[in-house]
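A.B. asks: Here it is, the structure in full.
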Amino acid sequence: LAGAFLLFRWRRTPRESADDIEITALFTYPIKSCAPVCLDAAMLDRFGFVDDRRLMVVAAEPYGGSHAFLTQRQLPRMCLIQCELRDDDLQLLAPGRQPLTVPLKPPAPNLILSVRVWSDGGLTALDLGEGAAAWLSAFLETSVRLVSASHPAWKRELDARYLPWGLRWAWGGPQVGFADGFPVLLASSSSLDELNRRLAPGAPLPMNRFRPNIVVSGCDAFDEDTWRRIRIGDNTFRVVKGCSRCKVTTTDQATAEQGTRLGADGQTAEPLATLGRFRAVGPEVYFAANLVHEWPPPVLERALRWLRGQPGSAPVCVGDRICVLERGEPVWDQEAVRAAAAKSLASTVTDESPQ
């Protein structure tokens with residue numbers, strides 16, 4: 001017991017002042033790639049923030065045995081779809097469409113689909129029925145279905161290459177829902193300010209282009225690259241790698257127009273053009289940081305919360321301070337690092353070759 005108490009106290013001891021770094025906004029995205037919900041507080045479970053990207057739009061027809069995930073990459077109008085979650089159902093809303101109420105526990109709970117998110121195929125998801133499929137298909141002008149990660153057989157492991165040993169082998173440890181790769185995405189307003197400072201003249205880009213869960217202020221631009229472990233209130237997170245960005249960032253989240261603002265080269269859409277000048281590693285560009293929560297919370301911590309009559313896990317709240325517990329070198333996608341190294345080697349060989 002003494003050892004457990006000392007471990008608990010060690011976890012709660014800040015290693016770095018958090019006076020200036022705080023959470024200024026929290027978001028969840030109930031349906032992957034659709035409109036966000038702004039929150040004052042968010043609870044965590046094994047898969048990240050509760051209700052975050054637990055629903056997903058997939059192609060109506062399977063390919064290779066699984067229904068492929070669909071996002072704003074292919075269907076930018078998805079950003080206009082809003083979702084209001086209630087206890088047992090959700091309401092879908094979109095411009096020009098009548099709202100639709102969809103039961104989260106449909107009358108045919110045995111209707112399951114095999115779905116795919118990137119290279120993760122064969123995932124077992126619950127089909128939410130014909131009503132949702134027809135409504136979404138009409139708005140998106142292609143045949144789709146809506147699925148949920150609430151099926152008891154749902155399981156999706158995190159990429160072990162980026163996980164510390166303790167999380168990789170933790171019993172009942174963290175997993176991920178329909179997010180691209182990791183449960184939580186953190187971005188800083190200082191980093192966005194620096195990006196906007198470098199953009200060609202025009203209106204500054206809003207944070208919603210990057211679809212973070214947590215927005216923080218009070219740190220230097222891109223300081224989050226060096227964070228390896230942070231504490232927010234009573235929750236601890238590992239900062240596992242930077243987030244490589246795609247064409248979703250070129251979509252105006254208010255209008256669904258995609259790629260209309262071009263960079264200095266006249267070809268590449270913003271913000272990818274500007275990020276490519278100062279945030280590129282190999283073929284990828286980076287903005288924001290992927291987080292994995294340390295889950296489950298320590299037994300002693302859960303016991304103390306139970307004794308105080310509190311939930312087993314603590315909320316993450318707007319206004320919470322962030323303690324940076326550990327720092328280290330930035331971590332990027334391994335494939336991007338190898339590509340950058342190969343390019344650098346090729347350049348060196350060229351420079352040293354006889355003229």
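Identifiers in this document derive from the order of the structure tokens: chains are assigned A, B, ..., residues are numbered from 1 separately in each chain, and ligands are numbered from 1 in order of occurrence.
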With the cut-off set at 9 Å and counting only C-alpha atoms, tabulate each residue of range 252-355 of chain A with an atom at most that distance from an atom of range 79-97 of chain A, showing the nearest atom pair and its distance in Å to one decimal, ordered by chain and increasing number, as a Markdown table.
C.D. replies:
```
| residue | atom | partner | partner_atom | distance |
| --- | --- | --- | --- | --- |
| A:Asp252 | CA | A:Cys79 | CA | 8.5 |
| A:Gln253 | CA | A:Cys79 | CA | 5.7 |
| A:Ala254 | CA | A:Leu80 | CA | 7.0 |
| A:Thr255 | CA | A:Leu80 | CA | 7.4 |
| A:Ala256 | CA | A:Cys79 | CA | 6.3 |
```
A.B. asks: Would you save the residues of that selection, restricted to C-alpha atoms, as a CSV table (one decimal), in the first residue's frame?
C.D. replies:
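Generated output (part_33.csv):
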```
chain,number,residue,atom,x,y,z
A,252,ASP,CA,-13.9,25.2,-45.6
A,253,GLN,CA,-15.9,23.7,-42.7
A,254,ALA,CA,-18.7,26.3,-43.1
A,255,THR,CA,-19.3,25.9,-46.8
A,256,ALA,CA,-17.8,22.5,-47.8
```
A.B. asks: Find the spatial neighbours of Ser188 in chain A, counting only C-alpha atoms, within a cut-off of 6 Å - ignore same-chain residues fewer than 5 positions away - and output them as a list in words.
C.D. replies: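 With the cut-off at 6 Å, the set is Val215, Val216 and Ser217 of chain A.
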A.B. asks: Taking the DSSP secondary structure from the backbone, can you list the residues of range 27-179 of chain A that are helix (DSSP H, G or I), as a PDB file with N, CA, C and O atoms, in the first residue's frame?
C.D. replies:
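File produced: out_0.pdb:
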```
ATOM      1  N   PRO A  76     -16.609  16.177 -49.262  1.00  0.00           N
ATOM      2  CA  PRO A  76     -16.458  17.352 -48.394  1.00  0.00           C
ATOM      3  C   PRO A  76     -17.762  17.827 -47.765  1.00  0.00           C
ATOM      4  O   PRO A  76     -17.736  18.465 -46.709  1.00  0.00           O
ATOM      5  N   ARG A  77     -18.925  17.498 -48.360  1.00  0.00           N
ATOM      6  CA  ARG A  77     -20.204  17.931 -47.790  1.00  0.00           C
ATOM      7  C   ARG A  77     -20.474  17.276 -46.426  1.00  0.00           C
ATOM      8  O   ARG A  77     -21.382  17.708 -45.713  1.00  0.00           O
ATOM      9  N   MET A  78     -19.685  16.299 -46.050  1.00  0.00           N
ATOM     10  CA  MET A  78     -19.867  15.687 -44.734  1.00  0.00           C
ATOM     11  C   MET A  78     -19.702  16.699 -43.608  1.00  0.00           C
ATOM     12  O   MET A  78     -20.298  16.552 -42.538  1.00  0.00           O
ATOM     13  N   CYS A  79     -18.897  17.746 -43.845  1.00  0.00           N
ATOM     14  CA  CYS A  79     -18.671  18.736 -42.785  1.00  0.00           C
ATOM     15  C   CYS A  79     -19.941  19.493 -42.433  1.00  0.00           C
ATOM     16  O   CYS A  79     -20.026  20.106 -41.361  1.00  0.00           O
ATOM     17  N   LEU A  80     -20.955  19.460 -43.302  1.00  0.00           N
ATOM     18  CA  LEU A  80     -22.208  20.181 -43.063  1.00  0.00           C
ATOM     19  C   LEU A  80     -23.215  19.357 -42.265  1.00  0.00           C
ATOM     20  O   LEU A  80     -24.263  19.873 -41.872  1.00  0.00           O
ATOM     21  N   GLU A 130     -31.830   1.386 -42.283  1.00  0.00           N
ATOM     22  CA  GLU A 130     -32.142   1.920 -43.601  1.00  0.00           C
ATOM     23  C   GLU A 130     -32.459   3.405 -43.585  1.00  0.00           C
ATOM     24  O   GLU A 130     -32.155   4.122 -44.541  1.00  0.00           O
ATOM     25  N   GLY A 131     -33.109   3.885 -42.513  1.00  0.00           N
ATOM     26  CA  GLY A 131     -33.467   5.300 -42.460  1.00  0.00           C
ATOM     27  C   GLY A 131     -32.259   6.203 -42.530  1.00  0.00           C
ATOM     28  O   GLY A 131     -32.211   7.158 -43.318  1.00  0.00           O
ATOM     29  N   ALA A 132     -31.238   5.909 -41.682  1.00  0.00           N
ATOM     30  CA  ALA A 132     -30.016   6.708 -41.683  1.00  0.00           C
ATOM     31  C   ALA A 132     -29.291   6.587 -43.017  1.00  0.00           C
ATOM     32  O   ALA A 132     -28.774   7.576 -43.556  1.00  0.00           O
ATOM     33  N   ALA A 133     -29.269   5.369 -43.573  1.00  0.00           N
ATOM     34  CA  ALA A 133     -28.578   5.153 -44.850  1.00  0.00           C
ATOM     35  C   ALA A 133     -29.224   5.973 -45.958  1.00  0.00           C
ATOM     36  O   ALA A 133     -28.530   6.623 -46.765  1.00  0.00           O
ATOM     37  N   ALA A 134     -30.547   5.972 -46.020  1.00  0.00           N
ATOM     38  CA  ALA A 134     -31.238   6.715 -47.080  1.00  0.00           C
ATOM     39  C   ALA A 134     -31.049   8.216 -46.923  1.00  0.00           C
ATOM     40  O   ALA A 134     -30.832   8.940 -47.915  1.00  0.00           O
ATOM     41  N   TRP A 135     -31.149   8.726 -45.701  1.00  0.00           N
ATOM     42  CA  TRP A 135     -31.010  10.156 -45.436  1.00  0.00           C
ATOM     43  C   TRP A 135     -29.610  10.643 -45.832  1.00  0.00           C
ATOM     44  O   TRP A 135     -29.450  11.652 -46.529  1.00  0.00           O
ATOM     45  N   LEU A 136     -28.585   9.919 -45.388  1.00  0.00           N
ATOM     46  CA  LEU A 136     -27.212  10.308 -45.686  1.00  0.00           C
ATOM     47  C   LEU A 136     -26.901  10.155 -47.177  1.00  0.00           C
ATOM     48  O   LEU A 136     -26.223  11.004 -47.772  1.00  0.00           O
ATOM     49  N   SER A 137     -27.401   9.079 -47.787  1.00  0.00           N
ATOM     50  CA  SER A 137     -27.150   8.858 -49.216  1.00  0.00           C
ATOM     51  C   SER A 137     -27.745   9.989 -50.048  1.00  0.00           C
ATOM     52  O   SER A 137     -27.129  10.450 -51.021  1.00  0.00           O
ATOM     53  N   ALA A 138     -28.929  10.454 -49.673  1.00  0.00           N
ATOM     54  CA  ALA A 138     -29.562  11.536 -50.423  1.00  0.00           C
ATOM     55  C   ALA A 138     -28.766  12.829 -50.295  1.00  0.00           C
ATOM     56  O   ALA A 138     -28.576  13.558 -51.280  1.00  0.00           O
ATOM     57  N   PHE A 139     -28.279  13.129 -49.100  1.00  0.00           N
ATOM     58  CA  PHE A 139     -27.543  14.382 -48.912  1.00  0.00           C
ATOM     59  C   PHE A 139     -26.162  14.319 -49.559  1.00  0.00           C
ATOM     60  O   PHE A 139     -25.700  15.307 -50.145  1.00  0.00           O
ATOM     61  N   LEU A 140     -25.506  13.184 -49.454  1.00  0.00           N
ATOM     62  CA  LEU A 140     -24.145  13.060 -49.979  1.00  0.00           C
ATOM     63  C   LEU A 140     -24.112  12.641 -51.444  1.00  0.00           C
ATOM     64  O   LEU A 140     -23.037  12.608 -52.055  1.00  0.00           O
ATOM     65  N   ALA A 160       1.259  -0.127 -32.363  1.00  0.00           N
ATOM     66  CA  ALA A 160       2.218  -0.405 -31.289  1.00  0.00           C
ATOM     67  C   ALA A 160       3.568   0.254 -31.519  1.00  0.00           C
ATOM     68  O   ALA A 160       4.335   0.443 -30.560  1.00  0.00           O
ATOM     69  N   ARG A 161       3.866   0.640 -32.776  1.00  0.00           N
ATOM     70  CA  ARG A 161       5.169   1.259 -33.043  1.00  0.00           C
ATOM     71  C   ARG A 161       5.365   2.566 -32.289  1.00  0.00           C
ATOM     72  O   ARG A 161       6.512   2.975 -32.032  1.00  0.00           O
ATOM     73  N   TYR A 162       4.268   3.218 -31.931  1.00  0.00           N
ATOM     74  CA  TYR A 162       4.367   4.542 -31.311  1.00  0.00           C
ATOM     75  C   TYR A 162       3.972   4.527 -29.832  1.00  0.00           C
ATOM     76  O   TYR A 162       3.908   5.593 -29.219  1.00  0.00           O
ATOM     77  N   TRP A 165       6.012   1.004 -23.785  1.00  0.00           N
ATOM     78  CA  TRP A 165       5.815  -0.391 -23.389  1.00  0.00           C
ATOM     79  C   TRP A 165       4.650  -0.549 -22.423  1.00  0.00           C
ATOM     80  O   TRP A 165       3.846  -1.476 -22.552  1.00  0.00           O
ATOM     81  N   GLY A 166       4.531   0.363 -21.451  1.00  0.00           N
ATOM     82  CA  GLY A 166       3.491   0.230 -20.434  1.00  0.00           C
ATOM     83  C   GLY A 166       2.087   0.243 -21.002  1.00  0.00           C
ATOM     84  O   GLY A 166       1.197  -0.461 -20.510  1.00  0.00           O
ATOM     85  N   LEU A 167       1.844   1.033 -22.059  1.00  0.00           N
ATOM     86  CA  LEU A 167       0.522   1.079 -22.678  1.00  0.00           C
ATOM     87  C   LEU A 167       0.330  -0.075 -23.654  1.00  0.00           C
ATOM     88  O   LEU A 167      -0.776  -0.566 -23.846  1.00  0.00           O
ATOM     89  N   ARG A 168       1.414  -0.505 -24.267  1.00  0.00           N
ATOM     90  CA  ARG A 168       1.315  -1.572 -25.258  1.00  0.00           C
ATOM     91  C   ARG A 168       0.820  -2.871 -24.632  1.00  0.00           C
ATOM     92  O   ARG A 168       0.100  -3.641 -25.258  1.00  0.00           O
TER      93      ARG A 168
END
```
A.B. asks: For Thr226 in chain A, work out the shell of residues within 12 Å, counting only C-alpha atoms and skipping chain neighbours fewer than 6 positions away, then give it as a PyMOL selection string.
C.D. replies: chain A and resi 219-220+238-242+288-289+324-332
A.B. asks: Could you give me, as an NGL selection string, each residue of range 153-349 of chain A that DSSP assigns to strand (DSSP E or B) when run on this structure's backbone?
C.D. replies: :A and (184-188 or 214-217 or 227-232 or 235-244 or 251 or 258 or 262 or 269 or 280-281 or 284-293 or 316-317 or 321-327)
A.B. asks: Would you list the contacts of Val281 in chain A as a PyMOL selection string, taking every protein, DNA or RNA residue within 9 Å and counting only C-alpha atoms, but skipping same-chain residues closer than 5 positions in sequence?
C.D. replies: chain A and resi 276+286+332-333+336-337+339-340
A.B. asks: Go through A:Val147, A:Ala221, A:Ala125, A:Leu113 and flag the residue nearest Asn196 in chain A, using only C-alpha atoms for the distances.
C.D. replies: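 Using only C-alpha atoms, the shortest distance to Asn196 in chain A belongs to A:Ala221.
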